[in-house]
>>> print(open('structure23.csv').read())   # CSV, C-alpha atoms
chain,number,residue,atom,x,y,z
P,27,MET,CA,12.1,-14.8,11.6
P,28,ALA,CA,9.2,-16.1,9.6
P,29,ILE,CA,5.6,-16.5,10.9
P,30,GLY,CA,2.8,-18.5,9.4
P,31,ASP,CA,2.4,-22.0,8.0
P,32,GLY,CA,4.8,-22.8,5.2
P,33,ALA,CA,6.8,-19.6,5.6
P,34,THR,CA,10.6,-19.6,5.9
P,35,VAL,CA,13.5,-17.2,6.0
P,36,ARG,CA,17.2,-18.0,5.3
P,37,VAL,CA,20.4,-16.1,4.7
P,38,GLU,CA,21.9,-16.5,1.2
P,39,PRO,CA,25.7,-15.7,1.6
P,40,ALA,CA,27.4,-13.1,-0.6
P,41,ALA,CA,28.8,-14.4,-3.9
P,42,PRO,CA,31.7,-12.2,-4.8
P,43,SER,CA,32.3,-14.1,-8.0
P,44,ALA,CA,28.9,-12.9,-9.2
P,45,GLY,CA,29.4,-9.4,-8.1
P,46,ASP,CA,27.3,-9.8,-4.9
P,47,THR,CA,29.1,-8.6,-1.9
P,48,SER,CA,26.2,-8.1,0.6
P,49,GLY,CA,24.3,-11.4,0.7
P,50,LYS,CA,20.5,-11.6,0.9
P,51,LEU,CA,17.7,-12.6,3.2
P,52,ILE,CA,15.3,-15.0,1.4
P,53,PHE,CA,11.7,-15.0,2.5
P,54,SER,CA,9.5,-17.7,1.0
P,55,TYR,CA,5.8,-18.2,1.6
P,56,GLU,CA,2.5,-19.6,0.3
P,57,ARG,CA,-0.4,-17.4,-0.8
P,58,ALA,CA,-3.7,-19.1,-0.2
P,59,ALA,CA,-6.9,-18.6,1.8
P,60,GLY,CA,-6.2,-18.6,5.5
P,61,LYS,CA,-2.4,-18.4,5.2
P,62,HIS,CA,-1.1,-15.1,6.5
P,63,ALA,CA,2.7,-15.4,6.5
P,64,GLY,CA,5.2,-12.7,7.3
P,65,ALA,CA,8.8,-11.9,8.0
P,66,ILE,CA,9.4,-10.1,11.2
P,67,LEU,CA,12.3,-8.3,12.9
P,68,ARG,CA,12.7,-7.0,16.4
P,69,ALA,CA,13.1,-3.2,16.4
P,70,PRO,CA,16.6,-2.2,17.2
P,71,ASN,CA,17.7,0.1,20.0
P,72,GLY,CA,17.5,3.7,19.0
P,73,PHE,CA,14.5,3.2,16.7
P,74,ASP,CA,12.9,6.4,18.1
P,75,ARG,CA,15.5,8.3,16.0
P,76,ALA,CA,14.3,6.7,12.7
P,77,ARG,CA,13.5,9.1,9.9
P,78,THR,CA,13.7,6.6,7.0
P,79,ILE,CA,13.2,2.9,6.6
P,80,ARG,CA,14.8,1.8,3.4
P,81,LEU,CA,14.7,-1.7,1.9
P,82,ARG,CA,15.9,-3.1,-1.4
P,83,LEU,CA,14.1,-6.2,-2.4
P,84,ARG,CA,13.1,-8.4,-5.4
P,85,SER,CA,9.8,-10.3,-5.5
P,86,ASP,CA,9.4,-13.3,-7.8
P,87,ARG,CA,5.9,-12.1,-8.6
P,88,PRO,CA,4.2,-8.7,-8.9
P,89,THR,CA,2.4,-8.0,-5.7
P,90,ALA,CA,1.7,-5.4,-3.0
P,91,PHE,CA,3.3,-5.5,0.5
P,92,ALA,CA,2.6,-3.9,3.9
P,93,LEU,CA,5.5,-2.9,6.1
P,94,LEU,CA,4.1,-3.1,9.7
P,95,LEU,CA,5.3,-1.3,12.8
P,96,SER,CA,4.0,-2.9,16.0
P,97,GLU,CA,3.9,-0.9,19.2
P,98,LYS,CA,4.2,-2.5,22.7
P,99,LYS,CA,1.1,-4.1,24.0
P,100,PRO,CA,-1.2,-3.5,25.8
P,101,GLY,CA,-1.9,0.1,24.8
P,102,GLY,CA,0.0,0.2,21.6
P,103,GLY,CA,-1.3,-0.1,18.0
P,104,ASN,CA,-0.1,-1.4,14.7
P,105,TYR,CA,0.8,1.0,11.8
P,106,ALA,CA,1.3,0.0,8.2
P,107,ALA,CA,2.6,1.5,4.9
P,108,TRP,CA,1.7,-0.1,1.6
P,109,PHE,CA,3.8,-0.4,-1.5
P,110,SER,CA,3.7,-2.3,-4.8
P,111,VAL,CA,6.6,-4.1,-6.5
P,112,PRO,CA,7.0,-5.6,-10.0
P,113,GLY,CA,8.0,-9.2,-10.4
P,114,GLY,CA,11.6,-10.2,-11.0
P,115,ALA,CA,13.2,-6.7,-10.6
P,116,MET,CA,15.1,-5.3,-7.6
P,117,GLN,CA,13.4,-2.2,-6.2
P,118,THR,CA,14.3,0.3,-3.5
P,119,ILE,CA,11.5,1.4,-1.1
P,120,GLU,CA,12.0,4.4,1.2
P,121,LEU,CA,9.4,5.1,3.9
P,122,SER,CA,9.2,7.8,6.6
P,123,PRO,CA,7.2,7.5,9.9
P,124,ALA,CA,4.6,9.9,8.4
P,125,ASP,CA,3.8,7.3,5.7
P,126,PHE,CA,2.4,4.8,8.3
P,127,THR,CA,-1.3,4.8,9.2
P,128,VAL,CA,-3.0,2.8,12.0
P,129,THR,CA,-4.5,-0.5,11.1
P,130,ASP,CA,-8.1,-1.2,12.1
P,131,GLY,CA,-8.9,-4.8,11.1
P,132,ALA,CA,-11.1,-6.9,13.2
P,133,GLY,CA,-8.1,-8.4,15.1
P,134,ASP,CA,-6.1,-5.2,15.4
P,135,PRO,CA,-5.5,-3.5,18.8
P,136,VAL,CA,-6.8,0.0,19.6
P,137,ASP,CA,-4.0,2.5,20.1
P,138,SER,CA,-4.6,4.2,23.4
P,139,ASP,CA,-3.1,7.6,22.3
P,140,GLY,CA,-4.0,7.4,18.6
P,141,LYS,CA,-0.5,8.1,17.2
P,142,LEU,CA,2.6,6.3,16.2
P,143,ASP,CA,5.2,6.4,18.9
P,144,LEU,CA,8.6,5.4,17.6
P,145,ASP,CA,10.0,4.8,21.1
P,146,ALA,CA,7.2,2.2,21.6
P,147,VAL,CA,7.8,0.2,18.4
P,148,GLU,CA,9.0,-3.3,19.3
P,149,GLY,CA,8.6,-5.2,16.0
P,150,ILE,CA,8.8,-4.6,12.2
P,151,GLY,CA,7.0,-7.0,9.8
P,152,LEU,CA,6.7,-7.5,6.1
P,153,PHE,CA,3.4,-9.0,4.7
P,154,ASP,CA,2.1,-9.7,1.2
P,155,LEU,CA,-1.3,-8.0,0.9
P,156,SER,CA,-2.5,-10.5,-1.7
P,157,GLN,CA,-2.9,-12.9,1.2
P,158,PHE,CA,-5.7,-10.8,2.7
P,159,LEU,CA,-7.8,-10.3,-0.5
P,160,PRO,CA,-11.1,-12.2,-0.9
P,161,ASN,CA,-10.1,-13.5,-4.4
P,162,ASN,CA,-6.8,-15.0,-3.4
P,163,GLU,CA,-7.5,-18.5,-4.4
P,164,GLY,CA,-5.0,-19.9,-6.9
P,165,LEU,CA,-2.2,-17.5,-6.1
P,166,GLU,CA,1.2,-19.1,-6.6
P,167,PRO,CA,3.8,-19.2,-3.8
P,168,ASN,CA,6.3,-16.3,-3.7
P,169,THR,CA,9.9,-15.7,-2.7
P,170,VAL,CA,11.3,-12.3,-1.8
P,171,ALA,CA,15.0,-11.5,-1.7
P,172,ILE,CA,15.8,-8.6,0.6
P,173,GLU,CA,19.2,-7.3,-0.3
P,174,GLU,CA,19.4,-4.3,2.0
P,175,PHE,CA,17.4,-3.2,5.1
P,176,GLU,CA,18.4,0.1,6.7
P,177,ILE,CA,17.0,2.3,9.4
P,178,LEU,CA,18.3,5.9,9.0
P,179,SER,CA,18.2,9.1,11.0
P,180,THR,CA,18.0,11.2,7.9
P,181,PRO,CA,14.9,12.0,5.8
P,182,PRO,CA,14.0,9.9,2.7
P,183,GLY,CA,15.6,10.8,-0.6
P,184,SER,CA,12.5,9.9,-2.6
P,185,ALA,CA,8.8,10.6,-2.2
P,186,TYR,CA,6.4,7.8,-1.1
P,187,THR,CA,3.4,7.5,-3.4
P,188,GLY,CA,1.3,5.5,-1.1
P,189,TRP,CA,-0.5,3.7,-4.0
P,190,ILE,CA,-0.7,0.0,-4.6
P,191,ALA,CA,-2.0,-1.8,-7.7
P,192,LEU,CA,-4.4,-4.7,-7.5
P,193,GLY,CA,-5.9,-7.0,-10.2
P,194,SER,CA,-4.1,-6.7,-13.6
P,195,MET,CA,-3.2,-3.1,-12.8
P,196,LYS,CA,0.5,-2.3,-13.1
P,197,MET,CA,1.9,0.9,-11.7
P,198,LYS,CA,5.1,2.9,-11.6
P,199,PRO,CA,5.8,6.1,-9.6
P,200,LEU,CA,5.9,9.5,-11.2
P,201,PRO,CA,7.0,12.8,-9.7
P,202,GLY,CA,3.9,13.8,-7.8
P,203,GLY,CA,1.9,10.7,-8.7
P,204,VAL,CA,1.7,7.4,-10.5
P,205,GLU,CA,1.2,5.8,-13.9
P,206,ALA,CA,-1.1,2.8,-14.1
P,207,ALA,CA,-1.7,0.4,-17.0
P,208,TYR,CA,-4.2,-2.4,-17.1
P,209,ARG,CA,-5.8,-5.1,-19.3
P,210,GLN,CA,-9.0,-6.4,-17.8
P,211,THR,CA,-9.8,-10.1,-17.4
P,212,GLU,CA,-13.2,-11.5,-16.6
P,213,GLY,CA,-14.0,-11.7,-12.9
P,214,GLN,CA,-11.1,-9.5,-11.9
P,215,LEU,CA,-11.2,-5.9,-10.5
P,216,ASP,CA,-8.4,-3.6,-11.6
P,217,LEU,CA,-7.7,-0.7,-9.3
P,218,LEU,CA,-5.3,1.6,-7.5
P,219,VAL,CA,-5.7,1.9,-3.7
P,220,ARG,CA,-4.1,4.0,-1.0
P,221,ARG,CA,-4.7,4.4,2.7
P,222,VAL,CA,-5.9,7.8,3.9
P,223,ALA,CA,-4.3,9.1,7.1
P,224,PRO,CA,-6.7,10.5,9.8
P,225,SER,CA,-7.2,14.3,9.4
P,226,GLN,CA,-8.0,16.9,12.0
P,227,THR,CA,-9.1,19.5,9.3
P,228,SER,CA,-12.4,17.9,8.2
P,229,PRO,CA,-11.6,17.9,4.4
P,230,THR,CA,-14.5,18.6,2.0
P,231,ARG,CA,-12.8,18.1,-1.4
P,232,LEU,CA,-10.7,15.7,-3.4
P,233,SER,CA,-8.8,16.9,-6.4
P,234,PHE,CA,-6.2,15.5,-8.8
P,235,ASP,CA,-5.2,15.5,-12.5
P,236,VAL,CA,-5.7,12.5,-14.9
P,237,ALA,CA,-4.1,12.1,-18.3
P,238,SER,CA,-5.5,8.9,-20.0
P,239,LYS,CA,-4.4,7.3,-23.3
P,240,GLU,CA,-7.9,6.2,-24.1
P,241,GLU,CA,-11.3,7.7,-23.3
P,242,CYS,CA,-12.3,5.9,-20.2
P,243,THR,CA,-14.6,5.5,-17.2
P,244,LEU,CA,-12.9,5.5,-13.7
P,245,VAL,CA,-14.9,5.1,-10.5
P,246,ILE,CA,-13.5,6.9,-7.5
P,247,ALA,CA,-14.3,4.9,-4.3
P,248,LEU,CA,-14.0,6.1,-0.7
P,249,GLU,CA,-14.1,3.6,2.1
P,250,MET,CA,-15.0,4.5,5.6
P,251,LYS,CA,-13.9,2.7,8.8
P,252,LYS,CA,-16.2,0.1,10.2
P,253,THR,CA,-16.8,-0.3,14.0
P,254,GLY,CA,-15.0,-3.4,15.1
P,255,GLY,CA,-12.8,-3.5,12.0
P,256,GLY,CA,-13.1,-5.2,8.6
P,257,GLN,CA,-14.4,-3.8,5.3
P,258,GLY,CA,-16.3,-0.6,5.8
P,259,PRO,CA,-19.0,1.2,3.7
P,260,ARG,CA,-18.0,2.6,0.3
P,261,PHE,CA,-19.0,5.7,-1.5
P,262,THR,CA,-18.5,6.2,-5.2
P,263,LEU,CA,-18.5,8.7,-8.0
P,264,PRO,CA,-17.6,8.1,-11.7
P,265,ILE,CA,-15.3,10.4,-13.8
P,266,TYR,CA,-14.8,10.4,-17.5
P,267,PRO,CA,-11.3,11.4,-18.7
P,268,PRO,CA,-11.3,12.2,-22.5
P,269,GLY,CA,-8.3,10.3,-23.7
P,270,GLY,CA,-5.5,11.4,-26.0
P,271,ASN,CA,-3.3,11.9,-22.9
P,272,GLU,CA,-5.1,15.2,-22.4
P,273,SER,CA,-4.7,16.6,-18.9
P,274,PHE,CA,-8.1,16.4,-17.1
P,275,HIS,CA,-8.5,18.2,-13.8
P,276,VAL,CA,-10.8,16.5,-11.3
P,277,ASP,CA,-12.3,18.5,-8.4
P,278,LEU,CA,-14.9,16.6,-6.4
P,279,LYS,CA,-17.0,17.4,-3.3
P,280,LEU,CA,-16.9,14.6,-0.8
P,281,ALA,CA,-20.5,15.2,0.0
P,282,ASP,CA,-21.4,14.3,-3.7
P,283,PHE,CA,-20.2,10.7,-3.3
P,284,GLN,CA,-23.0,8.1,-3.3
P,285,GLY,CA,-23.4,5.3,-0.9
P,286,ASP,CA,-25.5,3.9,2.0
P,287,GLY,CA,-26.0,6.9,4.2
P,288,SER,CA,-23.6,9.9,4.3
P,289,PHE,CA,-19.9,10.0,3.9
P,290,ASP,CA,-18.0,11.1,7.1
P,291,PRO,CA,-14.5,12.4,6.3
P,292,ALA,CA,-13.5,11.8,9.9
P,293,GLN,CA,-14.0,8.0,9.3
P,294,TRP,CA,-12.2,8.0,5.9
P,295,LYS,CA,-10.0,4.9,5.6
P,296,SER,CA,-9.0,4.5,1.9
P,297,LEU,CA,-9.2,5.9,-1.6
P,298,ALA,CA,-9.5,3.7,-4.7
P,299,ILE,CA,-9.4,4.3,-8.4
P,300,VAL,CA,-11.4,1.5,-10.2
P,301,ALA,CA,-11.0,0.9,-14.0
P,302,ILE,CA,-14.4,0.2,-15.6
P,303,GLU,CA,-13.7,0.7,-19.4
P,304,PRO,CA,-12.1,0.4,-21.8
P,305,GLU,CA,-10.6,-3.2,-21.5
P,306,ALA,CA,-7.0,-1.9,-21.8
P,307,ASN,CA,-5.6,1.5,-21.0
P,308,THR,CA,-2.8,3.5,-19.5
P,309,PHE,CA,-3.3,6.7,-17.4
P,310,GLN,CA,-1.4,9.0,-15.2
P,311,LEU,CA,-2.6,10.4,-11.9
P,312,THR,CA,-0.9,13.4,-10.4
P,313,ASN,CA,-1.3,16.3,-8.0
P,314,LEU,CA,-3.6,14.5,-5.5
P,315,LYS,CA,-5.0,16.9,-2.9
P,316,ILE,CA,-7.4,16.4,0.0
P,317,ASP,CA,-8.4,19.7,1.5
P,318,ARG,CA,-11.3,22.0,2.4
>>> encode(input="structure23.csv", output="structure tokens")
Amino acid sequence: MAIGDGATVRVEPAAPSAGDTSGKLIFSYERAAGKHAGAILRAPNGFDRARTIRLRLRSDRPTAFALLLSEKKPGGGNYAAWFSVPGGAMQTIELSPADFTVTDGAGDPVDSDGKLDLDAVEGIGLFDLSQFLPNNEGLEPNTVAIEEFEILSTPPGSAYTGWIALGSMKMKPLPGGVEAAYRQTEGQLDLLVRRVAPSQTSPTRLSFDVASKEECTLVIALEMKKTGGGQGPRFTLPIYPPGGNESFHVDLKLADFQGDGSFDPAQWKSLAIVAIEPEANTFQLTNLKIDR
């Protein structure tokens, strides 16, 4: 079913004459300030045996989505996995339970045991993340065609990158990472973002490899959780890959990031890569590690 003003779902029957034998679920919605639409499904019996959630979908417009797993209330929390999709192309997404992290927005419930319990999941939701961005004015409506939606008891066949692209940034997955391309426009921030799962090991370092087409400046931004939810404090550090697609290894101490106060790894919420210059570029990011 659809939730939110102006959101609809309908079934488009199979068209064997066009080579379509499965049919599609069509989810249409508006993207504007204050309109938070989603498509939701009741979790089926046996969901506790899930090892892979696989969906094949096509979005009319490039955007980023969150797939949400909602536990029974009271006591349960909401868990989300993010992914980006191009516009106009069918794409297969495979997620495992380990790819979902707890949501901590101002209106999100607090999970009493602090972990995803598959046997407590009662609902599955698909939401367009662009609806929740502060600069979402002027976004055009979107339609998503979901061709397949499967819940499997076998592990995923492909790795989940966890990254989403915002602004003019376009990304595609690579073995062990992502490739990002951007062309900056005035007033728009171009960045890659991924959620960071809670860690019990108190990480102290962040490392990865960058290969950039052009000499560039990228800002690494770490966001901490905020009491009560919402946007938390950010800590930043710039890096300067040399260009020429030369492999550039980055090894950063979390304590060196600058912000208001001190960065607490136990409250780490998200990691972002922000493109500052040049105006247009392509770079690859691989071998991301968060450890001591």
>>> residues_around(input="structure23.csv", residues="region 148-156 of chain P", least_positions_apart="5", cutoff="7 Å", atoms="all atoms listed in the file", output="ChimeraX atom specification")
/P:63-69,89-98,162
>>> atom_distance(input="structure23.csv", atom1="CA of Ala107 (chain P)", atom2="CA of Arg36 (chain P)")
24.4 Å
>>> residues_around(input="structure23.csv", residues="Leu314 (chain P)", least_positions_apart="5", cutoff="8 Å", atoms="only C-alpha atoms", output="PyMOL selection string")
chain P and resi 202-203+232-235
>>> atom_distance(input="structure23.csv", atom1="CA of Ser179 (chain P)", atom2="CA of Val219 (chain P)")
29.0 Å
>>> closest_residue(input="structure23.csv", among="P:Leu263, P:Ala58, P:Ala115, P:Ile177", to="Ala76 (chain P)", atoms="all atoms listed in the file")
P:Ile177
>>> closest_residue(input="structure23.csv", among="P:Gly114, P:Ile299, P:Thr253, P:Ser228", to="Gly193 (chain P)", atoms="only C-alpha atoms")
P:Ile299
>>> closest_residue(input="structure23.csv", among="P:Leu215, P:Met195, P:Ala223, P:Ala206", to="Tyr105 (chain P)", atoms="all atoms listed in the file")
P:Ala223
>>> atom_distance(input="structure23.csv", atom1="CA of Pro304 (chain P)", atom2="CA of Leu244 (chain P)")
9.6 Å
>>> closest_residue(input="structure23.csv", among="P:Pro123, P:Pro259, P:Pro100, P:Gly131", to="Pro182 (chain P)", atoms="only C-alpha atoms")
P:Pro123
>>> residues_around(input="structure23.csv", residues="Thr262 (chain P)", least_positions_apart="2", cutoff="10 Å", atoms="all atoms listed in the file", output="short mmCIF file (atom, residue, chain, number, x, y, z; two decimals) with C-alpha atoms, in the coordinates of the input")
data_model
loop_
_atom_site.label_atom_id
_atom_site.label_comp_id
_atom_site.auth_asym_id
_atom_site.auth_seq_id
_atom_site.Cartn_x
_atom_site.Cartn_y
_atom_site.Cartn_z
CA VAL P 245 -14.90 5.10 -10.50
CA ILE P 246 -13.50 6.90 -7.50
CA ALA P 247 -14.30 4.90 -4.30
CA LEU P 248 -14.00 6.10 -0.70
CA GLU P 249 -14.10 3.60 2.10
CA ARG P 260 -18.00 2.60 0.30
CA PRO P 264 -17.60 8.10 -11.70
CA LEU P 280 -16.90 14.60 -0.80
CA ASP P 282 -21.40 14.30 -3.70
CA PHE P 283 -20.20 10.70 -3.30
CA GLN P 284 -23.00 8.10 -3.30
CA GLY P 285 -23.40 5.30 -0.90
CA PHE P 289 -19.90 10.00 3.90
CA LEU P 297 -9.20 5.90 -1.60
CA ALA P 298 -9.50 3.70 -4.70
CA ILE P 299 -9.40 4.30 -8.40
CA VAL P 300 -11.40 1.50 -10.20
#
>>> residues_near_point(input="structure23.csv", point="(-15.4, 6.9, 5.8)", cutoff="7 Å", atoms="only C-alpha atoms", output="number ranges by chain")
P: 248-251, 289-295
>>> write_last_selection(input="structure23.csv", atoms="C-alpha atoms", output="PDB file, keeping the file's coordinate frame")
ATOM      1  CA  LEU P 248     -14.000   6.100  -0.700  1.00  0.00           C
ATOM      2  CA  GLU P 249     -14.100   3.600   2.100  1.00  0.00           C
ATOM      3  CA  MET P 250     -15.000   4.500   5.600  1.00  0.00           C
ATOM      4  CA  LYS P 251     -13.900   2.700   8.800  1.00  0.00           C
ATOM      5  CA  PHE P 289     -19.900  10.000   3.900  1.00  0.00           C
ATOM      6  CA  ASP P 290     -18.000  11.100   7.100  1.00  0.00           C
ATOM      7  CA  PRO P 291     -14.500  12.400   6.300  1.00  0.00           C
ATOM      8  CA  ALA P 292     -13.500  11.800   9.900  1.00  0.00           C
ATOM      9  CA  GLN P 293     -14.000   8.000   9.300  1.00  0.00           C
ATOM     10  CA  TRP P 294     -12.200   8.000   5.900  1.00  0.00           C
ATOM     11  CA  LYS P 295     -10.000   4.900   5.600  1.00  0.00           C
TER      12      LYS P 295
END
>>> residues_around(input="structure23.csv", residues="Asp143 (chain P)", least_positions_apart="3", cutoff="8 Å", atoms="all atoms listed in the file", output="list in words")
Asp74, Glu97, Ala146 and Val147 of chain P
>>> closest_residue(input="structure23.csv", among="P:Ala28, P:Ala171, P:Leu200, P:Val236", to="Ser48 (chain P)", atoms="only C-alpha atoms")
P:Ala171
>>> closest_residue(input="structure23.csv", among="P:Pro88, P:Gly72, P:Gly258, P:Gly287", to="Ser110 (chain P)", atoms="only C-alpha atoms")
P:Pro88
>>> residues_near_point(input="structure23.csv", point="(-1.9, -1.5, 11.1)", cutoff="6 Å", atoms="all atoms listed in the file", output="ChimeraX atom specification")
/P:104-106,128-129
>>> residues_around(input="structure23.csv", residues="Pro181 (chain P)", least_positions_apart="2", cutoff="12 Å", atoms="only C-alpha atoms", output="PyMOL selection string")
chain P and resi 75-80+120-124+177-179+183-186
